[in-house]
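A short write-up of the structure that comes next.
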Amino acid sequence: MTQVEHVLQTRTTGREYCPPEGTVMAELSPTWGCREVIECLDMHCRVLKGSTSREVLEVFYAEVGMRLHALIQKHIKRQIVSMEGGVQVIADLNAYYNFISSLKVAHLLPEFASLKMLGHVYVVADAKDLATIVRDVARYGGAFRPEDVYEFVQRRSDWKKIEKEVDRTMYNLSFKEDCVIC
């Protein structure tokens with residue numbers, strides 16, 4: 001997993017999830033870093049496939065999946081994501097989901113499905129809708145709390161512009177009515 005983290009750090013440029021403004025994403029394929037991570041993990045999984053029992057493989061795959069899930073979250077939290085780059089994030093998350101589903105470990109699928117859903121916070125334009133998505137606990141099947149989703153939303157490139165509106169909607173703040181200055 002150290003190799004996977006290294007690949008994510010070195011193969012992902014700062015502009016893949018935040019391309020220059022006005023850039024049209026021509027291709028909806030996973031990033032180079034994402035493809036290399038999947039290739040690396042797939043190679044390691046194939047090495048063990050013929051030499052160990054199904055039970056050992058399942059435990060190994062589960063551990064790989066849990067660690068990959070944590071690494072992906074950590075990686076996304078390090079990035080700045082624009083609206084255009086949000087589409088790229090979703091493409092990468094879909095690729096990771098497809099890889100995990102190929103391992104056939106049923107209890108990992110809901111975690112990665114929630115991660116796929118999390119990618120949508122980067123493509124929602126309206127701040128009020130975004131706040132509703134952050135507050136919706138059921139949306140992520142219990143995998144993410146609103147505080148966790150809020151951390152991801154803070155990585156948006158337009159965060160400073162929408163922060164007040166998101167907070168106002170999330171916490172039902174109305175400064176005119178709620179604040180009294182004496």
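Order determines the names: the first chain of the structure tokens is A, the second B, and so forth; residues in each chain are numbered 1 upward, and ligands are numbered 1 upward as they are shown.
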
(message) List the spatial neighbours of segment 10-26 of chain A as a list in words - criterion: any atom at most 6 Å away, only C-alpha atoms, same-chain residues fewer than 5 positions off excluded.
(response)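 Using only C-alpha atoms, the neighbours found are Gly33, Val81, Ser82 and Gly85 of chain A.
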
Could those selected residues go to a file with all heavy atoms, as a PDB file, in the first residue's frame?
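And here's again04.pdb as it stands now:
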ATOM      1  N   GLY A  33      -2.626   8.294 -12.759  1.00  0.00           N
ATOM      2  CA  GLY A  33      -2.362   7.792 -11.408  1.00  0.00           C
ATOM      3  C   GLY A  33      -3.350   6.717 -10.993  1.00  0.00           C
ATOM      4  O   GLY A  33      -2.969   5.690 -10.424  1.00  0.00           O
ATOM      5  N   VAL A  81     -10.331  20.709  -6.006  1.00  0.00           N
ATOM      6  CA  VAL A  81     -11.169  20.158  -7.068  1.00  0.00           C
ATOM      7  C   VAL A  81     -12.117  21.238  -7.593  1.00  0.00           C
ATOM      8  O   VAL A  81     -12.875  21.827  -6.829  1.00  0.00           O
ATOM      9  CB  VAL A  81     -11.990  18.946  -6.556  1.00  0.00           C
ATOM     10  CG1 VAL A  81     -12.795  18.331  -7.687  1.00  0.00           C
ATOM     11  CG2 VAL A  81     -11.081  17.914  -5.921  1.00  0.00           C
ATOM     12  N   SER A  82     -12.055  21.471  -8.896  1.00  0.00           N
ATOM     13  CA  SER A  82     -12.972  22.422  -9.529  1.00  0.00           C
ATOM     14  C   SER A  82     -14.205  21.677 -10.028  1.00  0.00           C
ATOM     15  O   SER A  82     -14.263  20.443  -9.987  1.00  0.00           O
ATOM     16  CB  SER A  82     -12.264  23.111 -10.709  1.00  0.00           C
ATOM     17  OG  SER A  82     -12.003  22.170 -11.732  1.00  0.00           O
ATOM     18  N   GLY A  85     -13.046  19.524 -12.792  1.00  0.00           N
ATOM     19  CA  GLY A  85     -12.249  18.441 -12.241  1.00  0.00           C
ATOM     20  C   GLY A  85     -13.085  17.437 -11.469  1.00  0.00           C
ATOM     21  O   GLY A  85     -12.677  16.283 -11.291  1.00  0.00           O
TER      22      GLY A  85
END

(request) For segment 168-172 of chain A, work out the shell of residues within 12 Å, counting only C-alpha atoms and skipping chain neighbours fewer than 5 positions away, then give it as number ranges by chain. (result) A: 126-136, 146-147, 150, 162-163, 177-178

(request) Point out the residue among A:His69, A:Met83, A:Arg155, A:Lys164 with the least atom-to-atom distance to Leu115 of chain A, counting only C-alpha atoms. (result)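 For Leu115 of chain A, the nearest of the candidates is A:His69.
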
(request) Would you mind telling me which residue in A:Gln88, A:Ala125, A:Ser114, A:Val105 lies nearest to Leu28 of chain A when using only C-alpha atoms? (result)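 Going through A:Gln88, A:Ala125, A:Ser114, A:Val105 one by one, the smallest distance to Leu28 of chain A is for A:Gln88.
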
(request) For Leu68 of chain A, list every protein, DNA or RNA residue within 9 Å, evaluated using only C-alpha atoms, and leave out those in the same chain fewer than 3 positions away; present the list as JSON, numbers by chain. (result) {"A": [1, 4, 5, 63, 64, 65, 71, 72, 73, 96]}

(request) Using only C-alpha atoms, find the one residue out of A:Val87, A:Cys45, A:Ile38, A:Met66 that sits nearest to Val123 of chain A. (result)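 Counting only C-alpha atoms, the residue closest to Val123 of chain A is A:Val87.
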
(request) Could you please determine the separation between atom CA of Gly86 of chain A and atom CA of Tyr122 of chain A in Å, to one decimal place? (result)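 Between these atoms lies a distance of 4.7 Å.
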
(request) Determine the nearest neighbour of Leu103 of chain A from the options A:His120, A:Arg78, A:Lys49, A:Arg156, counting only C-alpha atoms. (result)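 Between A:His120, A:Arg78, A:Lys49, A:Arg156, the residue approaching Leu103 of chain A most closely is A:Lys49.
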
(message) Between A:Val149, A:Val121, A:Ala95, A:Leu57, which residue has the minimum interatomic distance to Glu39 of chain A, considering only C-alpha atoms?
(response)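 Using only C-alpha atoms, Glu39 of chain A sits closest to A:Ala95.
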
(request) Work out how far apart atom CA of Arg54 of chain A and atom CA of Leu109 of chain A are and give it in Å to one decimal. (result)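 Computed distance, atom CA of Arg54 of chain A to atom CA of Leu109 of chain A, equals 18.3 Å.
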
(request) Counting only C-alpha atoms, figure out which residue out of A:Arg139, A:Lys116, A:Arg67, A:His107 gets nearest to Thr2 of chain A. (result) A:Arg67

(request) Please measure the separation of atom CA of Asn94 of chain A and atom CA of Ala70 of chain A, giving the value in Å to one decimal. (result) 15.8 Å
